[in-house]
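Engineer: Before I ask anything, here is the structure I am working with.
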Amino acid sequence: MIELIKGNIIEAKTFGDPAITQNGYLAAKDGVVLGVFSALPEQYANLPVTDYSGQLILQGFCDMHLHAPQYPMLGMGMDLPLMDWLKTYTYKTEARFADSDFARGTYQRLAAELVKNGTTRVCIYSSTHADATRILMQELERAGIGGFAGKVNMDRDSCECQEGTEESKRETLRWLEECAQFKKIKPILTPRFTPSCTNELMGWLGKLAEERGLYVQSHLSENYKEIELVKRLHPDCEQYWQTYDKYGLWKEHTIMAHCVHSDAREQQAMIDHNVLCVHCPDSNINICSGFAPVRQMKNRGVWLALGSDIAGGAQLPMLQVITGCLRMSKARAIATDGAEPFLTVGEAYYLATSAGARYFGDRDGFAPGNPLHAVVVSDASMPPSARTLSVQERFERAVYLADDRAITAVYGNGQKIK
Ligand code: GUN
Ligand code: FE
């Protein structure tokens, strides 16, 4: 079936200014993009059009790093640094997901919030619980969200979340068997971070990743105390990334969240192995991790996308993650007297959409062949402007001002999900 939607189409085709098609048409067949057209192509002239004239049609957002079982503690413990925050709030909260009923209710709410805010694909952490992870995947898929989800592995220094090594392996295999039922949400191996996994478990996960062709997600160089701890645990490794590499976890499509303190060598290791670095600005500020050198990493050629990292980040909407990213980038520009130029709205929009979509095999923008992921934004209730605004200006304003009430429709994988 061919679907046509009309409006002001804003594509992150490059890391820079968006491509704008004013009063354009976005065509999709069976949920796959056919193209963006400035006038209705003749062959579609007799087909019905869903008319969003006057509204902005953005790409669906990709949240490339967040923790589902931290949703109940959103906004909590924000005066603590990472390691204390984990032990005081986080592990206690995640341990609650042993209760499948609690998991079901929480994950229904979370999935609904993601859709409401235009997030159509995720790379998401669950807790250590295989059953709650299956429930998370069911609720995401039911809501129309795609991507990757992982049962977390943690068999060392993990308080309430501690698993036995054999238990962690067994539960991972049991969870993977159950993943066959899902179409749009796939499993990803998730050793939480080096301090919470024994060498044996890391090695086992690396082998499993290789045998089954699975991707891996974890955390890297987020916080100074964490980095020191990793040095003590792995004195044979000069750098944090090597603790993953040693066990076969540092490879094509591995996702590393944060990388706030990664130096040029660690960044080069990401480039060499096509590792995706996920920048989580709100989290980095909230738990005082630091200011990630995003412009520098981007200039060097690191593959970078954005994540909310709830509940380190307290904002689930990716529009707020974008503005957080811009504010942090400006803080770096100020601190370097402009030597490190700040990111523009268009650049941050790219990081929140096309950069993550590449992880799922898409090409940049609404490229033909991509699954249709789109967010329709109305700016009708925004402040009256003193002159006629260009679509580019309206887009920039919407990035700063739009919340879920301004998002009038969301398409995930070709389906209208809001
Ligand atoms: N490092 C290990 N676990 C976590 C987590 O849950 N959140 C953040 N921000 N960093 C981590
Ligand atoms: Fe995280």
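By convention in this document, the chains of the structure tokens carry letters A, B, ... by their order, each chain's residues are numbered from 1, and ligands are numbered from 1 in the order they are shown.
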Neighbouring residues of ligand 1 are defined here as those with any atom at most 6 Å from a ligand atom, counting only C-alpha atoms and all ligand atoms; list them as a ChimeraX atom specification.

Structural biologist: /A:192-193,219,312

Engineer: As a VMD selection string, please: every residue in range 161-368 of chain A that a backbone DSSP assignment puts in helix (DSSP H, G or I).

Structural biologist: chain A and resid 161 165 to 181 194 to 196 199 to 212 224 to 233 241 to 245 264 to 273 281 to 286 294 to 300 318 to 335 345 to 352 354 to 360

Engineer: Which residue is closest to Arg397 in chain A? Choose from A:Ala103, A:Leu56, A:Leu176, A:Ala39 and count only C-alpha atoms.

Structural biologist: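 Closest to Arg397 in chain A, using only C-alpha atoms: A:Leu56.
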
Engineer: Would you list the contacts of Asp309 in chain A as a VMD selection string, taking every protein, DNA or RNA residue within 12 Å and counting only C-alpha atoms, but skipping same-chain residues closer than 2 positions in sequence?

Structural biologist: chain A and resid 63 to 71 74 to 75 122 to 125 218 to 219 222 256 to 258 278 to 287 306 to 307 311 to 318 321

Engineer: Return the single residue from A:Ser308, A:Leu140, A:Gly369, A:Ile2 that is closest to ligand 2, with distances computed using only C-alpha atoms and all ligand atoms.

Structural biologist: A:Ser308

Engineer: Which residue gives the smallest distance to Leu110 in chain A among A:Ala98, A:Ala130, A:Leu80, A:Ile145, with only C-alpha atoms counted?

Structural biologist: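 Closest candidate: A:Ile145.
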
Engineer: Considering only C-alpha atoms and all ligand atoms, state which residue in the set A:Asp364, A:Gln217, A:Val410, A:Asp272 is at the smallest distance from ligand 2.

Structural biologist: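 The shortest atom-to-atom distance to ligand 2 comes from A:Gln217.
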
Engineer: Using only C-alpha atoms, determine which residues lie at most 10 Å from Gly16 in chain A, disregarding the query and same-chain residues fewer than 6 positions distant; provide the list as a PDB file with all heavy atoms, in the first residue's frame.

Structural biologist:
```pdb
ATOM      1  N   LEU A 343      28.132  23.060  18.469  1.00  0.00           N
ATOM      2  CA  LEU A 343      27.294  22.373  17.488  1.00  0.00           C
ATOM      3  C   LEU A 343      26.105  23.260  17.137  1.00  0.00           C
ATOM      4  O   LEU A 343      25.613  24.020  17.970  1.00  0.00           O
ATOM      5  CB  LEU A 343      26.756  21.057  18.046  1.00  0.00           C
ATOM      6  CG  LEU A 343      27.745  19.963  18.454  1.00  0.00           C
ATOM      7  CD1 LEU A 343      26.981  18.695  18.821  1.00  0.00           C
ATOM      8  CD2 LEU A 343      28.754  19.652  17.374  1.00  0.00           C
ATOM      9  N   THR A 344      25.621  23.120  15.920  1.00  0.00           N
ATOM     10  CA  THR A 344      24.417  23.837  15.502  1.00  0.00           C
ATOM     11  C   THR A 344      23.193  22.954  15.725  1.00  0.00           C
ATOM     12  O   THR A 344      23.324  21.741  15.941  1.00  0.00           O
ATOM     13  CB  THR A 344      24.484  24.192  14.011  1.00  0.00           C
ATOM     14  OG1 THR A 344      24.514  22.957  13.269  1.00  0.00           O
ATOM     15  CG2 THR A 344      25.734  25.008  13.685  1.00  0.00           C
ATOM     16  N   VAL A 345      22.019  23.571  15.625  1.00  0.00           N
ATOM     17  CA  VAL A 345      20.770  22.803  15.791  1.00  0.00           C
ATOM     18  C   VAL A 345      20.715  21.676  14.759  1.00  0.00           C
ATOM     19  O   VAL A 345      20.372  20.532  15.077  1.00  0.00           O
ATOM     20  CB  VAL A 345      19.535  23.728  15.649  1.00  0.00           C
ATOM     21  CG1 VAL A 345      18.249  22.931  15.744  1.00  0.00           C
ATOM     22  CG2 VAL A 345      19.546  24.816  16.717  1.00  0.00           C
ATOM     23  N   GLY A 346      21.077  22.007  13.521  1.00  0.00           N
ATOM     24  CA  GLY A 346      21.037  20.982  12.462  1.00  0.00           C
ATOM     25  C   GLY A 346      21.984  19.831  12.747  1.00  0.00           C
ATOM     26  O   GLY A 346      21.653  18.662  12.501  1.00  0.00           O
ATOM     27  N   GLU A 347      23.139  20.134  13.282  1.00  0.00           N
ATOM     28  CA  GLU A 347      24.105  19.066  13.603  1.00  0.00           C
ATOM     29  C   GLU A 347      23.582  18.160  14.713  1.00  0.00           C
ATOM     30  O   GLU A 347      23.696  16.929  14.644  1.00  0.00           O
ATOM     31  CB  GLU A 347      25.455  19.688  13.995  1.00  0.00           C
ATOM     32  CG  GLU A 347      26.205  20.262  12.794  1.00  0.00           C
ATOM     33  CD  GLU A 347      27.473  21.027  13.167  1.00  0.00           C
ATOM     34  OE1 GLU A 347      27.551  21.583  14.284  1.00  0.00           O
ATOM     35  OE2 GLU A 347      28.387  21.090  12.319  1.00  0.00           O
ATOM     36  N   ALA A 348      23.002  18.777  15.743  1.00  0.00           N
ATOM     37  CA  ALA A 348      22.474  17.972  16.857  1.00  0.00           C
ATOM     38  C   ALA A 348      21.262  17.149  16.402  1.00  0.00           C
ATOM     39  O   ALA A 348      21.065  16.010  16.850  1.00  0.00           O
ATOM     40  CB  ALA A 348      22.116  18.871  18.036  1.00  0.00           C
ATOM     41  N   TYR A 349      20.456  17.720  15.501  1.00  0.00           N
ATOM     42  CA  TYR A 349      19.316  16.973  14.932  1.00  0.00           C
ATOM     43  C   TYR A 349      19.823  15.730  14.193  1.00  0.00           C
ATOM     44  O   TYR A 349      19.252  14.637  14.316  1.00  0.00           O
ATOM     45  CB  TYR A 349      18.525  17.905  14.001  1.00  0.00           C
ATOM     46  CG  TYR A 349      17.410  17.258  13.214  1.00  0.00           C
ATOM     47  CD1 TYR A 349      16.358  16.600  13.840  1.00  0.00           C
ATOM     48  CD2 TYR A 349      17.392  17.343  11.807  1.00  0.00           C
ATOM     49  CE1 TYR A 349      15.324  16.032  13.102  1.00  0.00           C
ATOM     50  CE2 TYR A 349      16.374  16.780  11.065  1.00  0.00           C
ATOM     51  CZ  TYR A 349      15.338  16.119  11.709  1.00  0.00           C
ATOM     52  OH  TYR A 349      14.326  15.550  10.978  1.00  0.00           O
ATOM     53  N   TYR A 350      20.913  15.890  13.459  1.00  0.00           N
ATOM     54  CA  TYR A 350      21.505  14.747  12.761  1.00  0.00           C
ATOM     55  C   TYR A 350      21.908  13.657  13.770  1.00  0.00           C
ATOM     56  O   TYR A 350      21.662  12.469  13.560  1.00  0.00           O
ATOM     57  CB  TYR A 350      22.722  15.199  11.934  1.00  0.00           C
ATOM     58  CG  TYR A 350      23.407  14.065  11.207  1.00  0.00           C
ATOM     59  CD1 TYR A 350      23.007  13.690   9.916  1.00  0.00           C
ATOM     60  CD2 TYR A 350      24.430  13.332  11.811  1.00  0.00           C
ATOM     61  CE1 TYR A 350      23.604  12.623   9.263  1.00  0.00           C
ATOM     62  CE2 TYR A 350      25.030  12.263  11.165  1.00  0.00           C
ATOM     63  CZ  TYR A 350      24.614  11.922   9.892  1.00  0.00           C
ATOM     64  OH  TYR A 350      25.204  10.851   9.251  1.00  0.00           O
ATOM     65  N   LEU A 351      22.533  14.074  14.867  1.00  0.00           N
ATOM     66  CA  LEU A 351      23.002  13.100  15.869  1.00  0.00           C
ATOM     67  C   LEU A 351      21.834  12.352  16.524  1.00  0.00           C
ATOM     68  O   LEU A 351      21.982  11.211  16.949  1.00  0.00           O
ATOM     69  CB  LEU A 351      23.833  13.790  16.961  1.00  0.00           C
ATOM     70  CG  LEU A 351      25.148  14.447  16.524  1.00  0.00           C
ATOM     71  CD1 LEU A 351      25.855  15.064  17.738  1.00  0.00           C
ATOM     72  CD2 LEU A 351      26.073  13.456  15.830  1.00  0.00           C
TER      73      LEU A 351
END
```

Engineer: Excluding Val216 in chain A and any residue of its chain fewer than 4 positions from it, enumerate the residues within 9 Å of it, using only C-alpha atoms, and give them as an MDAnalysis selection string.

Structural biologist: chainID A and resid 150 188:191 205:206 209 249:251 253:256

Engineer: Quick one: pick out all strand (DSSP E or B) residues within range 3-181 of chain A from a backbone DSSP run and write them as a PyMOL selection string.

Structural biologist: chain A and resi 3-11+19-29+32-37+49-59+61-67+119-125+146-150+152-153

Engineer: Using only C-alpha atoms and all ligand atoms, can you tell me which of A:Ala143, A:Ala355, A:Leu86, A:Ile271 comes closest to ligand 2?

Structural biologist: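 With only C-alpha atoms and all ligand atoms as the atom set, the closest residue is A:Leu86.
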
Engineer: Using only C-alpha atoms, which protein or nucleic acid residues come within 9 Å of Ala111 in chain A? Drop anything in the same chain fewer than 2 positions from it, and give the result as JSON, numbers by chain.

Structural biologist: {"A": [106, 107, 108, 109, 113, 114, 115, 116, 136, 139, 140, 141, 142, 143, 144, 145]}

Engineer: Can you spit out the residues from that selection as an mmCIF file, in the first residue's frame, using C-alpha atoms?

Structural biologist:
```
data_model
loop_
_atom_site.group_PDB
_atom_site.id
_atom_site.type_symbol
_atom_site.label_atom_id
_atom_site.label_comp_id
_atom_site.auth_asym_id
_atom_site.auth_seq_id
_atom_site.Cartn_x
_atom_site.Cartn_y
_atom_site.Cartn_z
ATOM 1 C CA THR A 106 6.407 0.219 34.300
ATOM 2 C CA TYR A 107 7.393 -0.787 30.779
ATOM 3 C CA GLN A 108 3.904 -0.098 29.400
ATOM 4 C CA ARG A 109 4.213 3.456 30.699
ATOM 5 C CA GLU A 113 6.130 7.933 26.839
ATOM 6 C CA LEU A 114 8.737 7.129 24.198
ATOM 7 C CA VAL A 115 6.137 7.075 21.424
ATOM 8 C CA LYS A 116 4.438 10.257 22.656
ATOM 9 C CA LEU A 136 10.251 -4.874 28.046
ATOM 10 C CA GLU A 139 5.885 -3.682 25.423
ATOM 11 C CA LEU A 140 8.246 -1.845 23.067
ATOM 12 C CA GLU A 141 7.163 -3.936 20.115
ATOM 13 C CA ARG A 142 3.496 -3.559 20.997
ATOM 14 C CA ALA A 143 3.951 0.224 21.078
ATOM 15 C CA GLY A 144 5.616 0.155 17.644
ATOM 16 C CA ILE A 145 9.180 0.856 18.770
#
```

Engineer: For ligand 2, which residue among A:Ser221, A:Ser378, A:Ser354, A:Asn274 is the nearest when counting only C-alpha atoms and all ligand atoms?

Structural biologist: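 Looking only at the distances to ligand 2, the closest residue turns out to be A:Ser221.
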
Engineer: Give me the residues near Lys416 in chain A as a PyMOL selection string, where near means some atom within 10 Å (using only C-alpha atoms) and where sequence neighbours in that chain fewer than 5 positions away do not count.

Structural biologist: chain A and resi 31+144+372-375+409-411

Engineer: Find the distance between CA of Ile334 in chain A and CA of Asp263 in chain A and write it in Å to one decimal.

Structural biologist: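 Computing the Euclidean distance for CA of Ile334 in chain A and CA of Asp263 in chain A yields 20.7 Å.
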